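Undergrad: Structure: start.pdb, PDB, C-alpha atoms.
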ATOM      1  CA  ILE L   1     -10.606 -51.101  15.458
ATOM      2  CA  ILE L   2     -13.440 -48.566  15.010
ATOM      3  CA  GLU L   3     -12.311 -46.768  18.181
ATOM      4  CA  VAL L   4      -8.761 -46.478  16.837
ATOM      5  CA  ALA L   5     -10.019 -45.160  13.485
ATOM      6  CA  LEU L   6     -12.197 -42.559  15.217
ATOM      7  CA  PHE L   7      -9.298 -41.567  17.478
ATOM      8  CA  LEU L   8      -7.030 -41.086  14.435
ATOM      9  CA  LEU L   9      -9.711 -39.063  12.628
ATOM     10  CA  VAL L  10     -10.177 -36.762  15.628
ATOM     11  CA  ALA L  11      -6.390 -36.359  15.993
ATOM     12  CA  PHE L  12      -6.086 -35.528  12.281
ATOM     13  CA  LEU L  13      -8.840 -32.904  12.442
ATOM     14  CA  LEU L  14      -7.354 -31.308  15.555
ATOM     15  CA  GLY L  15      -3.942 -31.197  13.869
ATOM     16  CA  CYS L  16      -5.443 -29.481  10.806
ATOM     17  CA  ILE L  17      -7.226 -26.885  12.935
ATOM     18  CA  ILE L  18      -4.141 -26.143  15.023
ATOM     19  CA  GLY L  19      -1.934 -25.931  11.909
ATOM     20  CA  TRP L  20      -4.382 -23.540  10.234
ATOM     21  CA  ALA L  21      -4.492 -21.308  13.335
ATOM     22  CA  VAL L  22      -0.696 -21.221  13.664
ATOM     23  CA  GLN L  23      -0.339 -20.380   9.958
ATOM     24  CA  ARG L  24      -2.736 -17.420  10.303
ATOM     25  CA  VAL L  25      -0.911 -16.087  13.356
ATOM     26  CA  LEU L  26       2.478 -16.375  11.628
ATOM     27  CA  ALA L  27       1.145 -14.706   8.467
ATOM     28  CA  ARG L  28      -0.209 -11.772  10.482
ATOM     29  CA  HIS L  29       3.049 -11.489  12.381
ATOM     30  CA  ALA L  30       5.083 -11.513   9.152
ATOM     31  CA  ALA L  31       2.788  -8.913   7.548
ATOM     32  CA  GLY L  32       3.190  -6.628  10.555
ATOM     33  CA  LYS L  33       6.978  -6.775  10.392
ATOM     34  CA  THR L  34       7.164  -5.762   6.720
ATOM     35  CA  THR L  35       5.125  -2.586   7.202
ATOM     36  CA  PRO L  36       7.466   0.398   7.311
ATOM     37  CA  GLU L  37       7.094   2.782  10.208
ATOM     38  CA  PRO L  38       6.160   6.325   9.122
ATOM     39  CA  SER L  39       9.013   8.706   9.749
ATOM     40  CA  ALA L  40       8.649  11.588  12.158
ATOM     41  CA  PRO L  41       8.273  15.056  10.649
ATOM     42  CA  SER L  42      11.430  17.100  10.473
ATOM     43  CA  PRO L  43      11.736  20.161  12.719
ATOM     44  CA  GLU L  44      11.624  22.386   9.624
ATOM     45  CA  SER L  45       8.260  20.972   8.597
ATOM     46  CA  LEU L  46       6.587  21.872  11.894
ATOM     47  CA  SER L  47       4.592  25.062  11.666
ATOM     48  CA  THR L  48       5.673  28.130  13.555
ATOM     49  CA  PRO L  49       3.225  30.647  14.998
ATOM     50  CA  GLY L  50       2.184  33.183  12.374
ATOM     51  CA  ALA L  51       3.670  31.178   9.527
ATOM     52  CA  GLU L  52       1.506  30.195   6.593
ATOM     53  CA  PRO L  53       0.866  26.440   6.527
ATOM     54  CA  GLU L  54       2.955  24.538   4.056
ATOM     55  CA  LYS L  55       0.995  23.021   1.172
ATOM     56  CA  ALA L  56       3.306  20.072   0.640
ATOM     57  CA  THR L  57       6.464  18.748   2.108
ATOM     58  CA  PRO L  58       9.286  18.325  -0.376
ATOM     59  CA  ALA L  59       8.929  14.976  -2.072
ATOM     60  CA  LYS L  60      11.835  12.629  -1.804
ATOM     61  CA  VAL L  61      11.794   9.801  -4.312
ATOM     62  CA  LEU L  62      11.628   6.566  -2.402
ATOM     63  CA  GLN L  63      13.829   3.857  -3.835
ATOM     64  CA  ALA L  64      12.365   0.429  -4.505
ATOM     65  CA  SER L  65      14.289  -2.582  -3.352
ATOM     66  CA  PRO L  66      16.153  -4.115  -6.303
ATOM     67  CA  SER L  67      15.686  -7.543  -4.743
ATOM     68  CA  ASP L  68      11.897  -7.113  -4.710
ATOM     69  CA  PRO L  69      10.551  -9.234  -7.593
ATOM     70  CA  ALA L  70       7.552  -6.922  -7.993
ATOM     71  CA  THR L  71       9.780  -3.911  -8.639
ATOM     72  CA  PRO L  72       9.943  -3.010 -12.335
ATOM     73  CA  LYS L  73      13.537  -3.099 -13.517
ATOM     74  CA  ASN L  74      13.191   0.308 -15.225
ATOM     75  CA  GLU L  75      12.831   3.172 -12.742
ATOM     76  CA  ALA L  76      11.877   5.582 -15.539
ATOM     77  CA  GLY L  77       8.361   6.760 -14.953
ATOM     78  CA  ARG L  78       8.271   5.943 -11.256
ATOM     79  CA  PRO L  79       6.060   8.526  -9.553
ATOM     80  CA  ARG L  80       7.596  10.702  -6.885
ATOM     81  CA  GLY L  81       6.768   9.526  -3.404
ATOM     82  CA  LEU L  82       6.815  11.259  -0.049
ATOM     83  CA  GLU L  83       8.622   9.902   3.003
ATOM     84  CA  ALA L  84       5.454  10.433   5.059
ATOM     85  CA  PRO L  85       2.017  12.003   4.635
ATOM     86  CA  ARG L  86       1.767  15.772   4.885
ATOM     87  CA  ARG L  87       0.890  17.404   8.194
ATOM     88  CA  ASP L  88      -2.862  17.213   7.579
ATOM     89  CA  GLY L  89      -2.577  13.411   7.261
ATOM     90  CA  ALA L  90      -2.930  10.982   4.408
ATOM     91  CA  ASP L  91      -5.973  11.095   2.137
ATOM     92  CA  ASN L  92      -8.351   8.139   2.166
ATOM     93  CA  LEU L  93      -7.201   6.619  -1.133
ATOM     94  CA  LYS L  94      -9.934   3.979  -0.797
ATOM     95  CA  LYS L  95     -12.350   6.653  -2.090
ATOM     96  CA  ILE L  96     -10.906   5.921  -5.544
ATOM     97  CA  LYS L  97     -12.808   3.109  -7.250
ATOM     98  CA  GLY L  98     -10.500   0.107  -7.458
ATOM     99  CA  ILE L  99      -8.399   0.913  -4.387
ATOM    100  CA  GLY L 100      -9.049  -1.159  -1.293
ATOM    101  CA  PRO L 101      -7.161  -1.412   1.998
ATOM    102  CA  LYS L 102      -4.380  -3.613   0.598
ATOM    103  CA  LEU L 103      -3.762  -1.380  -2.434
ATOM    104  CA  GLU L 104      -3.828   1.726  -0.264
ATOM    105  CA  LYS L 105      -1.133   0.140   1.904
ATOM    106  CA  LYS L 106       0.996  -0.718  -1.171
ATOM    107  CA  LEU L 107       0.619   2.838  -2.502
ATOM    108  CA  ASN L 108       1.613   4.216   0.904
ATOM    109  CA  GLU L 109       4.714   1.985   0.802
ATOM    110  CA  LEU L 110       5.579   3.703  -2.497
ATOM    111  CA  GLY L 111       5.158   7.101  -0.803
ATOM    112  CA  ILE L 112       1.757   7.814  -2.375
ATOM    113  CA  TYR L 113      -0.512   9.279   0.311
ATOM    114  CA  HIS L 114      -2.532  12.035  -1.391
ATOM    115  CA  PHE L 115      -5.028  12.427  -4.215
ATOM    116  CA  ASP L 116      -2.982  15.219  -5.821
ATOM    117  CA  GLN L 117      -0.024  12.849  -6.156
ATOM    118  CA  ILE L 118      -2.129  10.399  -8.194
ATOM    119  CA  ALA L 119      -3.751  13.266 -10.086
ATOM    120  CA  ALA L 120      -0.278  14.366 -11.242
ATOM    121  CA  TRP L 121       0.617  10.980 -12.737
ATOM    122  CA  ASP L 122       1.427  10.998 -16.432
ATOM    123  CA  SER L 123       1.164   7.915 -18.644
ATOM    124  CA  ALA L 124       4.702   6.807 -17.708
ATOM    125  CA  ALA L 125       3.852   6.893 -13.993
ATOM    126  CA  VAL L 126       0.583   5.032 -14.588
ATOM    127  CA  ASN L 127       2.474   2.376 -16.570
ATOM    128  CA  TRP L 128       5.139   2.068 -13.863
ATOM    129  CA  VAL L 129       2.626   1.631 -11.028
ATOM    130  CA  ASP L 130       0.547  -0.678 -13.225
ATOM    131  CA  SER L 131       3.636  -2.832 -13.749
ATOM    132  CA  TYR L 132       4.635  -2.667 -10.069
ATOM    133  CA  LEU L 133       1.178  -3.804  -8.953
ATOM    134  CA  SER L 134       0.833  -6.282 -11.866
ATOM    135  CA  PHE L 135      -2.480  -4.695 -12.899
ATOM    136  CA  LYS L 136      -2.318  -4.921 -16.713
ATOM    137  CA  GLY L 137      -4.128  -1.643 -17.419
ATOM    138  CA  ARG L 138      -6.486  -1.563 -14.450
ATOM    139  CA  ILE L 139      -5.428   1.929 -13.335
ATOM    140  CA  ALA L 140      -6.483   3.430 -16.678
ATOM    141  CA  ARG L 141      -9.659   1.309 -16.879
ATOM    142  CA  ASP L 142     -10.770   2.415 -13.417
ATOM    143  CA  GLY L 143      -9.757   6.024 -14.120
ATOM    144  CA  TRP L 144      -7.662   6.546 -10.993
ATOM    145  CA  VAL L 145      -6.057   9.773 -12.270
ATOM    146  CA  GLU L 146      -9.404  11.354 -13.189
ATOM    147  CA  GLN L 147     -10.975  10.272  -9.892
ATOM    148  CA  ALA L 148      -7.985  11.622  -7.965
ATOM    149  CA  LYS L 149      -8.235  14.981  -9.775
ATOM    150  CA  SER L 150     -11.891  15.210  -8.820
ATOM    151  CA  LEU L 151     -11.248  14.197  -5.196
ATOM    152  CA  SER L 152      -8.265  16.569  -4.802
ATOM    153  CA  ARG L 153     -10.484  19.519  -5.781
ATOM    154  CA  SER L 154     -13.080  18.710  -3.130
TER     155      SER L 154
END
Write out the structure in this file as structure tokens.
TA:
Amino acid sequence: IIEVALFLLVAFLLGCIIGWAVQRVLARHAAGKTTPEPSAPSPESLSTPGAEPEKATPAKVLQASPSDPATPKNEAGRPRGLEAPRRDGADNLKKIKGIGPKLEKKLNELGIYHFDQIAAWDSAAVNWVDSYLSFKGRIARDGWVEQAKSLSRS
């Protein structure tokens, strides 16, 4: 009877380990599928010889999915997002205290790629993003707008 109990214990532990591993693989796979692919730059946005480099591509407001439960119902105050980072590439938003890799990814999904975009937020935009990310005032407490203004100057 002790041999049977030990066999069942080993089988249970192996099942738990295999289940945990499968769950991690599926979670990574699901996370990879929800990441939007950055769009290719338009032919107009490519620089031509002798032309002055463009400071910013025209911002197109990205629409949030109405079925997304995290999307605030009121679109008033939503900051303008870009379809893709500008030609010089996205800024490292993780330089702002309070933004880590996951938040940077969420901001990129909203079309926020550059410090000057965050620096331009007014209180309505801060409130909208705060609500979208369920932060309850964290953006103002951490001073994202002030930090972004400082980082966009450097």
Undergrad: Would you compute the distance between CA of Glu75 (chain L) and CA of Asp91 (chain L)? Give it in Å to one decimal.
TA: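 Separation between CA of Glu75 (chain L) and CA of Asp91 (chain L): 25.3 Å.
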Undergrad: Could you check how far CA of Phe115 (chain L) sits from CA of Lys149 (chain L), in Å to one decimal?
TA: 6.9 Å
Undergrad: In Å, with one decimal, what is the gap from CA of Pro101 (chain L) to CA of Gln147 (chain L)?
TA: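 Interatomic distance, CA of Pro101 (chain L) to CA of Gln147 (chain L): 17.1 Å.
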Undergrad: Decode the PyMOL selection byres ((chain L and resi 119) around 6) for the given file into explicit residues and return them as number ranges by chain.
TA: L: 116-118, 120-121, 145, 148-149
Undergrad: Using the chain letters and numbers from the file, which residues does the PyMOL selection byres ((chain L and resi 128-135) around 12) grab, as a short mmCIF file (atom, residue, chain, number, x, y, z; two decimals) with C-alpha atoms, keeping the file's coordinate frame?
TA:
data_model
loop_
_atom_site.label_atom_id
_atom_site.label_comp_id
_atom_site.auth_asym_id
_atom_site.auth_seq_id
_atom_site.Cartn_x
_atom_site.Cartn_y
_atom_site.Cartn_z
CA ALA L 64 12.36 0.43 -4.50
CA SER L 65 14.29 -2.58 -3.35
CA ASP L 68 11.90 -7.11 -4.71
CA PRO L 69 10.55 -9.23 -7.59
CA ALA L 70 7.55 -6.92 -7.99
CA THR L 71 9.78 -3.91 -8.64
CA PRO L 72 9.94 -3.01 -12.34
CA LYS L 73 13.54 -3.10 -13.52
CA ASN L 74 13.19 0.31 -15.22
CA GLU L 75 12.83 3.17 -12.74
CA ALA L 76 11.88 5.58 -15.54
CA GLY L 77 8.36 6.76 -14.95
CA ARG L 78 8.27 5.94 -11.26
CA PRO L 79 6.06 8.53 -9.55
CA ARG L 80 7.60 10.70 -6.88
CA GLY L 81 6.77 9.53 -3.40
CA GLY L 98 -10.50 0.11 -7.46
CA ILE L 99 -8.40 0.91 -4.39
CA LYS L 102 -4.38 -3.61 0.60
CA LEU L 103 -3.76 -1.38 -2.43
CA GLU L 104 -3.83 1.73 -0.26
CA LYS L 105 -1.13 0.14 1.90
CA LYS L 106 1.00 -0.72 -1.17
CA LEU L 107 0.62 2.84 -2.50
CA GLU L 109 4.71 1.98 0.80
CA LEU L 110 5.58 3.70 -2.50
CA GLY L 111 5.16 7.10 -0.80
CA ILE L 112 1.76 7.81 -2.38
CA ILE L 118 -2.13 10.40 -8.19
CA TRP L 121 0.62 10.98 -12.74
CA ASP L 122 1.43 11.00 -16.43
CA SER L 123 1.16 7.92 -18.64
CA ALA L 124 4.70 6.81 -17.71
CA ALA L 125 3.85 6.89 -13.99
CA VAL L 126 0.58 5.03 -14.59
CA ASN L 127 2.47 2.38 -16.57
CA LYS L 136 -2.32 -4.92 -16.71
CA GLY L 137 -4.13 -1.64 -17.42
CA ARG L 138 -6.49 -1.56 -14.45
CA ILE L 139 -5.43 1.93 -13.34
CA ALA L 140 -6.48 3.43 -16.68
CA ARG L 141 -9.66 1.31 -16.88
CA ASP L 142 -10.77 2.42 -13.42
CA TRP L 144 -7.66 6.55 -10.99
CA VAL L 145 -6.06 9.77 -12.27
#
